[in-house]
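Q: One structure, pasted below without further comment.
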Amino acid sequence: MTDVHVVGVGMTRFGKHPDKDATDLGAAALLEAVADAGIDPRIIESAYVGHVFQGMVTGQRILAQVGLAGLPLSNVENACSSGATAIREASLAIRAGENDVVVAVGTEHLTSKFSGALTPDPSDPEAAVGATMPGVYAMRATRYMEDHGMTREQLALIPVKNKANAARNPLAHFRKEITVADVLESRPIADPLNLHDCSPVTDGAAAVIVMSDRAAKKYANGRGVRLAASALRSGSVDVTPTSMTFEPLTWATAQDAYERAGIGPDEVDFAEVHDCFSIAEVLRVEGLGLFEQGSYPWAVERGEADINGRLPINPSGGLIGKGHPLGGTGVAQVVELVRQLRGEAGDRQIEGAKVGLAHCRGGKAVGIEGAACTVQILIR
Amino acid sequence: MTTTVIEESFRPGELEVRPDGTGNLLGSRCRSCGAHFFPTREACAGCLSQDLDAVKFSTEGVLYTYSVVRQSTPAFEVPYAIGYVDFPEGVRIMGQIAGLEFDEITIGMPMTLSLEPFGENEEGDPLTGYRFRPAEVTND
Ligand SMILES: [Zn+2]
């Protein structure tokens with residue numbers, strides 16, 4: 001079976017784009033990925049486009065904008081994992097031998113669709129009693145503090161780190177460093193989480209062009225990065241309630257990805273993980289096996305997750321700093337991995353990185369720990 | 001003389017409301033392996049048996065975790081406390097917390113199910129939902 005290679009990447013600035021829509025943003029990201037790959041767009045054979053709140057056939061609108069209408073295309077919705085799922089679908093088309101060159105796009109114009117706190121679907125029993133996504137993560141933070149003794153100040157170090165990274169990323173939503181005091185004094189959203197603990201409402205899009213061995217040999221010019229694993233899982237129903245401070249879904253998806261890539265978590269050089277909230281970064285990296293359970297807040301305190309640390313986490317700024325345009329997020333993580341692994345990450349470059357991991361998870365439904373989770377491993 | 005009007009359940013499939021004002025959260029019990037589920041399921045997640053009984057859950061449980069929500073949708077007036085309560089059947093159910101100051105809420109507290117007015121239907125008639133309140137402490 002062929003390997004899969006990411007050959008071209010593109011990404012819009014993340015932030016507020018009042019004069020654009022999800023189609024404009026997706027088209028701009030796609031054209032940049034084509035230019036980055038240095039290919040004639042006519043060699044693209046199929047497309048997968050992830051988005052959540054953008055309505056029907058946004059993918060077709062994007063292809064029509066860039067002269068590629070007519071290709072086989074699937075619009076992909078998997079909550080915050082929509083873009084990452086689009087990449088997985090693209091990789092499957094290549095591994096299956098169906099296509100040699102496929103584009104995956106993730107896009108979202110979130111500021112025009114939504115403001116305030118994201119909630120589960122209104123049909124959900126937990127939404128009916130007042131669940132919000134910040135509220136659910138806040139409850140997990142409350143329990144993590146009880147179980148492991150994490151302090152509020154330790155938790156605040158995560159947005160401080162991620163916004164410092166974002167300040168070095170010209171495409172990030174936030175470009176300003178903050179302090180622990182800024183986090184603690186920001187507006188309360190769901191105790192103990194404040195505004196700076198939460199990812200913002202962001203517009204943005206990203207795109208990647210993936211290729212088979214055969215196509216990469218012809219077109220990559222040494223700039224391809226191997227997508228060694230692209231794993232996807234859905235949350236299972238709890239038969240008995242389990243700890244909300246550990247993530248069996250993240251763990252299971254990661255084990256699948258490590259096995260496919262033939263590596264262990266100790267071989268990962270850096271990771272982009274789904275820090276939709278400060279506490280989420282703690283739960284993700286421990287669920288991925290990158291840090292031991294109950295240890296991450298202390299590792300952050302020691303600087304281990306900084307760009308120049310032992311295992312940098314969210315060098316792009318993460319969802320908290322770079323922004324979180326739902327459908328765009330998973331694709332933008334892979335864009336960051338490719339730029340880091342190629343040595344094109346500018347002021348936030350991690351020295352000598354060879355193995356990067358991207359983790360997304362999204363969605364909430366009653367009785368399951370999480371809806372959709374993806375783990376992708378890229379190796380230079 | 002006053003008439004007590006018992007309003008309909010806000011979610012009849014998940015909360016039974018009886019004429020005397022009492023009620024229970026509803027779910028499923030697997031007849032094959034004994035696992036319990038909230039809400040009702042068509043098959044057991046543990047053993048995949050489709051032989052499930054409808055069950056009413058206990059009204060007393062223990063608070064697993066909580067938060068005070070200060071930003072929500074227009075359907076809910078903020079701030080309000082929410083929490084997950086673990087019930088003895090082995091289910092964890094989310095609900096709002098009432099009857100406590102926010103700073104009195106503690107992990108591990110015994111909680112009890114309380115049926116209370118909760119929103120309204122499309123005609124504007126009030127509905128009955130549930131909140132969790134601290135369980136009565138029995139003094140010797
Ligand atoms: Zn069973």
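Ordered as shown in the structure tokens, chains take letters A, B, and onward, while each chain numbers its residues from 1 and ligands are numbered from 1 in the order shown.
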How close does each residue of chain B get to ligand 1, giving the shortest atom pair and distance in Å to one decimal for every residue with an atom at most 8 Å away, counting only C-alpha atoms and all ligand atoms, sorted by chain and residue number, as a Markdown table?
A:
| residue | atom | partner | partner_atom_place_in_ligand_line | distance |
| --- | --- | --- | --- | --- |
| B:Arg29 | CA | ligand 1 | 1 (Zn) | 7.9 |
| B:Cys30 | CA | ligand 1 | 1 (Zn) | 4.6 |
| B:Arg31 | CA | ligand 1 | 1 (Zn) | 6.7 |
| B:Ser32 | CA | ligand 1 | 1 (Zn) | 5.1 |
| B:Cys33 | CA | ligand 1 | 1 (Zn) | 4.1 |
| B:Gly34 | CA | ligand 1 | 1 (Zn) | 6.0 |
| B:Ala35 | CA | ligand 1 | 1 (Zn) | 5.6 |
| B:Ala43 | CA | ligand 1 | 1 (Zn) | 7.8 |
| B:Cys44 | CA | ligand 1 | 1 (Zn) | 4.6 |
| B:Ala45 | CA | ligand 1 | 1 (Zn) | 6.6 |
| B:Gly46 | CA | ligand 1 | 1 (Zn) | 4.9 |
| B:Cys47 | CA | ligand 1 | 1 (Zn) | 4.1 |
| B:Leu48 | CA | ligand 1 | 1 (Zn) | 6.0 |
| B:Ser49 | CA | ligand 1 | 1 (Zn) | 5.4 |
Q: With only C-alpha atoms considered, list every residue of chain A at most 12 Å from chain B, as a PyMOL selection string.
A: chain A and resi 114-147+187-195+198+235-245+365-369
Q: Could you go through stretch 250-356 of chain A and tell me which residues DSSP, when run on the backbone, assigns to strand (DSSP E), listing them as a PyMOL selection string?
A: chain A and resi 270-272+355-356
Q: Give me the residues near A:Gly67 as a ChimeraX atom specification, where near means some atom within 10 Å (using only C-alpha atoms) and where sequence neighbours in that chain fewer than 3 positions away do not count.
A: /A:41-42,62-64,70
Q: Extract, using only C-alpha atoms, all DNA, RNA and protein residues at most 10 Å from stretch 280-286 of chain A, discarding same-chain residues fewer than 2 positions from it, and format them as a PyMOL selection string.
A: chain A and resi 137-138+140-141+144+155+158-159+197-198+244-247+249-251+271-278+288-297+300+313-314+318-320+359-361
Q: Return as a ChimeraX atom specification the full set of residues in stretch 45-235 of chain A whose backbone-based DSSP assignment is alpha helix (DSSP H).
A: /A:58-65,82-95,125-128,133-148,152-166,180-185,213-219
Q: Take the residues that were just selected and, keeping C-alpha atoms, output them as a short mmCIF file (atom, residue, chain, number, x, y, z; two decimals), in the first residue's frame.
A:
data_model
loop_
_atom_site.label_atom_id
_atom_site.label_comp_id
_atom_site.auth_asym_id
_atom_site.auth_seq_id
_atom_site.Cartn_x
_atom_site.Cartn_y
_atom_site.Cartn_z
CA THR A 58 -19.90 24.72 1.09
CA GLY A 59 -17.24 22.46 -0.42
CA GLN A 60 -18.77 22.70 -3.89
CA ARG A 61 -18.96 26.49 -3.55
CA ILE A 62 -15.23 26.57 -2.78
CA LEU A 63 -14.28 24.41 -5.77
CA ALA A 64 -16.50 26.53 -8.03
CA GLN A 65 -14.59 29.63 -6.85
CA SER A 82 -14.41 18.01 10.87
CA GLY A 83 -11.25 19.29 9.17
CA ALA A 84 -9.10 16.51 10.59
CA THR A 85 -11.67 13.98 9.42
CA ALA A 86 -11.51 15.51 5.93
CA ILE A 87 -7.74 14.87 5.91
CA ARG A 88 -8.32 11.29 7.03
CA GLU A 89 -10.84 10.74 4.23
CA ALA A 90 -8.36 12.18 1.73
CA SER A 91 -5.65 9.86 3.04
CA LEU A 92 -7.97 6.86 2.74
CA ALA A 93 -8.71 7.71 -0.91
CA ILE A 94 -4.96 7.58 -1.54
CA ARG A 95 -4.26 4.45 0.51
CA PRO A 125 -30.72 16.03 27.40
CA GLU A 126 -27.68 17.84 28.83
CA ALA A 127 -28.25 20.92 26.66
CA ALA A 128 -31.85 20.89 27.95
CA MET A 133 -19.16 23.43 26.41
CA PRO A 134 -17.25 25.78 28.76
CA GLY A 135 -19.43 24.46 31.61
CA VAL A 136 -18.58 20.84 30.83
CA TYR A 137 -14.83 21.58 30.69
CA ALA A 138 -15.10 23.72 33.82
CA MET A 139 -16.58 20.71 35.64
CA ARG A 140 -13.65 18.60 34.45
CA ALA A 141 -11.25 21.30 35.73
CA THR A 142 -12.99 21.33 39.12
CA ARG A 143 -12.57 17.56 39.37
CA TYR A 144 -8.94 17.62 38.16
CA MET A 145 -8.10 20.15 40.88
CA GLU A 146 -9.75 17.87 43.45
CA ASP A 147 -8.02 14.70 42.18
CA HIS A 148 -4.53 16.06 41.48
CA ARG A 152 -5.88 27.90 39.50
CA GLU A 153 -2.55 29.67 38.87
CA GLN A 154 -1.05 26.51 37.33
CA LEU A 155 -4.02 26.22 34.99
CA ALA A 156 -3.53 29.86 33.94
CA LEU A 157 0.01 29.07 32.74
CA ILE A 158 -1.47 27.22 29.74
CA PRO A 159 -3.15 30.27 28.12
CA VAL A 160 -0.05 32.30 29.04
CA LYS A 161 2.14 29.81 27.12
CA ASN A 162 -0.21 29.45 24.15
CA LYS A 163 -0.74 33.19 23.71
CA ALA A 164 3.03 33.73 23.91
CA ASN A 165 3.38 31.23 21.05
CA ALA A 166 0.55 32.91 19.12
CA VAL A 180 -1.26 34.84 34.86
CA ALA A 181 -2.91 37.92 36.41
CA ASP A 182 -4.58 38.71 33.06
CA VAL A 183 -6.06 35.20 33.00
CA LEU A 184 -7.26 35.36 36.61
CA GLU A 185 -8.78 38.84 36.14
CA ASP A 213 4.17 7.77 -3.25
CA ARG A 214 3.95 7.87 -7.02
CA ALA A 215 2.63 11.46 -7.21
CA ALA A 216 4.94 12.71 -4.44
CA LYS A 217 7.97 11.36 -6.31
CA LYS A 218 6.92 13.44 -9.29
CA TYR A 219 5.71 16.65 -7.61
#
Q: Would you mind telling me which residue in A:Gly309, A:Gly352, A:Pro72, A:Pro248 lies nearest to A:Ile44 when using only C-alpha atoms?
A: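 Result for the nearest residue to A:Ile44: A:Pro72.
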Q: Skipping near chain neighbours, those fewer than 6 positions away, what residues fall within 7 Å of A:Val103 using only C-alpha atoms, listed as a count of residues only?
A: 8
Q: What does the distance between atom CA of A:Val7 and atom CA of A:Asp36 come to in Å, to one decimal place?
A: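 These atoms are spaced 7.9 Å apart.
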Q: Report the distance between atom CA of A:Leu68 and atom CA of A:Ala205 in Å, rounded to one decimal place.
A: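 Interatomic distance here is 17.6 Å.
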Q: Would you compute the distance between atom CA of A:Ala358 and atom CA of A:Met56? Give it in Å to one decimal.
A: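 The value is 27.3 Å.
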Q: Which of these, A:Gly303, A:Gly346, A:Gly50, A:Pro325, has the shortest distance to A:Val76 once you count only C-alpha atoms?
A: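 Between A:Gly303, A:Gly346, A:Gly50, A:Pro325, the residue approaching A:Val76 most closely is A:Gly50.
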Q: Find the spatial neighbours of A:Thr111, counting only C-alpha atoms, within a cut-off of 12 Å - ignore same-chain residues fewer than 2 positions away - and output them as JSON, numbers by chain.
A: {"A": [14, 15, 16, 17, 18, 19, 20, 21, 22, 53, 54, 108, 109, 113, 114, 115, 116, 200, 201, 202, 203, 204, 323, 324, 325, 326]}
Q: Could you take the residues named above and write them with N, CA and C atoms, as a PDB file, in the first residue's frame?
A:
ATOM      1  N   PHE A  14      -6.092  33.656  10.830  1.00  0.00           N
ATOM      2  CA  PHE A  14      -7.220  33.332  11.700  1.00  0.00           C
ATOM      3  C   PHE A  14      -7.609  34.600  12.455  1.00  0.00           C
ATOM      4  N   GLY A  15      -8.903  34.832  12.588  1.00  0.00           N
ATOM      5  CA  GLY A  15      -9.367  36.026  13.302  1.00  0.00           C
ATOM      6  C   GLY A  15     -10.758  36.380  12.839  1.00  0.00           C
ATOM      7  N   LYS A  16     -11.070  37.656  12.847  1.00  0.00           N
ATOM      8  CA  LYS A  16     -12.382  38.098  12.375  1.00  0.00           C
ATOM      9  C   LYS A  16     -12.250  38.574  10.937  1.00  0.00           C
ATOM     10  N   HIS A  17     -13.123  38.049  10.063  1.00  0.00           N
ATOM     11  CA  HIS A  17     -13.115  38.416   8.645  1.00  0.00           C
ATOM     12  C   HIS A  17     -14.515  38.875   8.244  1.00  0.00           C
ATOM     13  N   PRO A  18     -14.926  40.084   8.697  1.00  0.00           N
ATOM     14  CA  PRO A  18     -16.317  40.516   8.447  1.00  0.00           C
ATOM     15  C   PRO A  18     -16.656  40.656   6.966  1.00  0.00           C
ATOM     16  N   ASP A  19     -15.650  40.858   6.129  1.00  0.00           N
ATOM     17  CA  ASP A  19     -15.916  41.081   4.704  1.00  0.00           C
ATOM     18  C   ASP A  19     -15.805  39.804   3.871  1.00  0.00           C
ATOM     19  N   LYS A  20     -15.661  38.644   4.537  1.00  0.00           N
ATOM     20  CA  LYS A  20     -15.510  37.386   3.798  1.00  0.00           C
ATOM     21  C   LYS A  20     -16.481  36.347   4.340  1.00  0.00           C
ATOM     22  N   ASP A  21     -16.637  35.227   3.616  1.00  0.00           N
ATOM     23  CA  ASP A  21     -17.433  34.115   4.133  1.00  0.00           C
ATOM     24  C   ASP A  21     -16.604  32.825   4.070  1.00  0.00           C
ATOM     25  N   ALA A  22     -17.225  31.724   4.462  1.00  0.00           N
ATOM     26  CA  ALA A  22     -16.487  30.456   4.551  1.00  0.00           C
ATOM     27  C   ALA A  22     -15.977  30.002   3.191  1.00  0.00           C
ATOM     28  N   PHE A  53     -20.931  24.742  10.724  1.00  0.00           N
ATOM     29  CA  PHE A  53     -22.139  25.583  10.706  1.00  0.00           C
ATOM     30  C   PHE A  53     -22.320  26.325   9.382  1.00  0.00           C
ATOM     31  N   GLN A  54     -21.664  25.873   8.305  1.00  0.00           N
ATOM     32  CA  GLN A  54     -21.669  26.668   7.075  1.00  0.00           C
ATOM     33  C   GLN A  54     -22.738  26.252   6.084  1.00  0.00           C
ATOM     34  N   GLU A 108     -14.417  27.730   8.261  1.00  0.00           N
ATOM     35  CA  GLU A 108     -15.524  28.151   9.122  1.00  0.00           C
ATOM     36  C   GLU A 108     -15.553  29.667   9.180  1.00  0.00           C
ATOM     37  N   HIS A 109     -16.722  30.242   8.946  1.00  0.00           N
ATOM     38  CA  HIS A 109     -16.929  31.673   9.229  1.00  0.00           C
ATOM     39  C   HIS A 109     -17.808  31.704  10.463  1.00  0.00           C
ATOM     40  N   LYS A 113     -22.040  33.147  12.503  1.00  0.00           N
ATOM     41  CA  LYS A 113     -22.983  32.065  12.800  1.00  0.00           C
ATOM     42  C   LYS A 113     -23.314  31.984  14.269  1.00  0.00           C
ATOM     43  N   PHE A 114     -22.515  32.627  15.101  1.00  0.00           N
ATOM     44  CA  PHE A 114     -22.564  32.216  16.485  1.00  0.00           C
ATOM     45  C   PHE A 114     -21.785  33.192  17.354  1.00  0.00           C
ATOM     46  N   SER A 115     -22.289  33.408  18.600  1.00  0.00           N
ATOM     47  CA  SER A 115     -21.491  34.152  19.574  1.00  0.00           C
ATOM     48  C   SER A 115     -21.742  33.553  20.951  1.00  0.00           C
ATOM     49  N   GLY A 116     -20.902  33.876  21.904  1.00  0.00           N
ATOM     50  CA  GLY A 116     -21.105  33.380  23.263  1.00  0.00           C
ATOM     51  C   GLY A 116     -20.631  31.951  23.428  1.00  0.00           C
ATOM     52  N   PRO A 200     -11.264  31.403  21.232  1.00  0.00           N
ATOM     53  CA  PRO A 200     -12.175  32.451  20.775  1.00  0.00           C
ATOM     54  C   PRO A 200     -13.069  31.998  19.614  1.00  0.00           C
ATOM     55  N   VAL A 201     -14.039  32.829  19.296  1.00  0.00           N
ATOM     56  CA  VAL A 201     -14.866  32.642  18.095  1.00  0.00           C
ATOM     57  C   VAL A 201     -14.093  33.231  16.923  1.00  0.00           C
ATOM     58  N   THR A 202     -13.692  32.368  15.995  1.00  0.00           N
ATOM     59  CA  THR A 202     -12.703  32.721  14.966  1.00  0.00           C
ATOM     60  C   THR A 202     -13.199  32.342  13.580  1.00  0.00           C
ATOM     61  N   ASP A 203     -12.870  33.163  12.589  1.00  0.00           N
ATOM     62  CA  ASP A 203     -13.057  32.804  11.184  1.00  0.00           C
ATOM     63  C   ASP A 203     -11.708  32.362  10.631  1.00  0.00           C
ATOM     64  N   GLY A 204     -11.733  31.367   9.735  1.00  0.00           N
ATOM     65  CA  GLY A 204     -10.473  30.972   9.111  1.00  0.00           C
ATOM     66  C   GLY A 204     -10.615  29.668   8.355  1.00  0.00           C
ATOM     67  N   GLY A 323      -6.654  30.555  17.527  1.00  0.00           N
ATOM     68  CA  GLY A 323      -8.073  30.672  17.222  1.00  0.00           C
ATOM     69  C   GLY A 323      -8.672  29.324  16.853  1.00  0.00           C
ATOM     70  N   HIS A 324     -10.003  29.266  16.847  1.00  0.00           N
ATOM     71  CA  HIS A 324     -10.683  27.981  16.678  1.00  0.00           C
ATOM     72  C   HIS A 324     -11.871  28.104  15.723  1.00  0.00           C
ATOM     73  N   PRO A 325     -11.590  28.214  14.401  1.00  0.00           N
ATOM     74  CA  PRO A 325     -12.675  28.150  13.423  1.00  0.00           C
ATOM     75  C   PRO A 325     -13.009  26.671  13.200  1.00  0.00           C
ATOM     76  N   LEU A 326     -14.017  26.174  13.842  1.00  0.00           N
ATOM     77  CA  LEU A 326     -14.252  24.735  14.048  1.00  0.00           C
ATOM     78  C   LEU A 326     -13.756  23.846  12.913  1.00  0.00           C
TER      79      LEU A 326
END
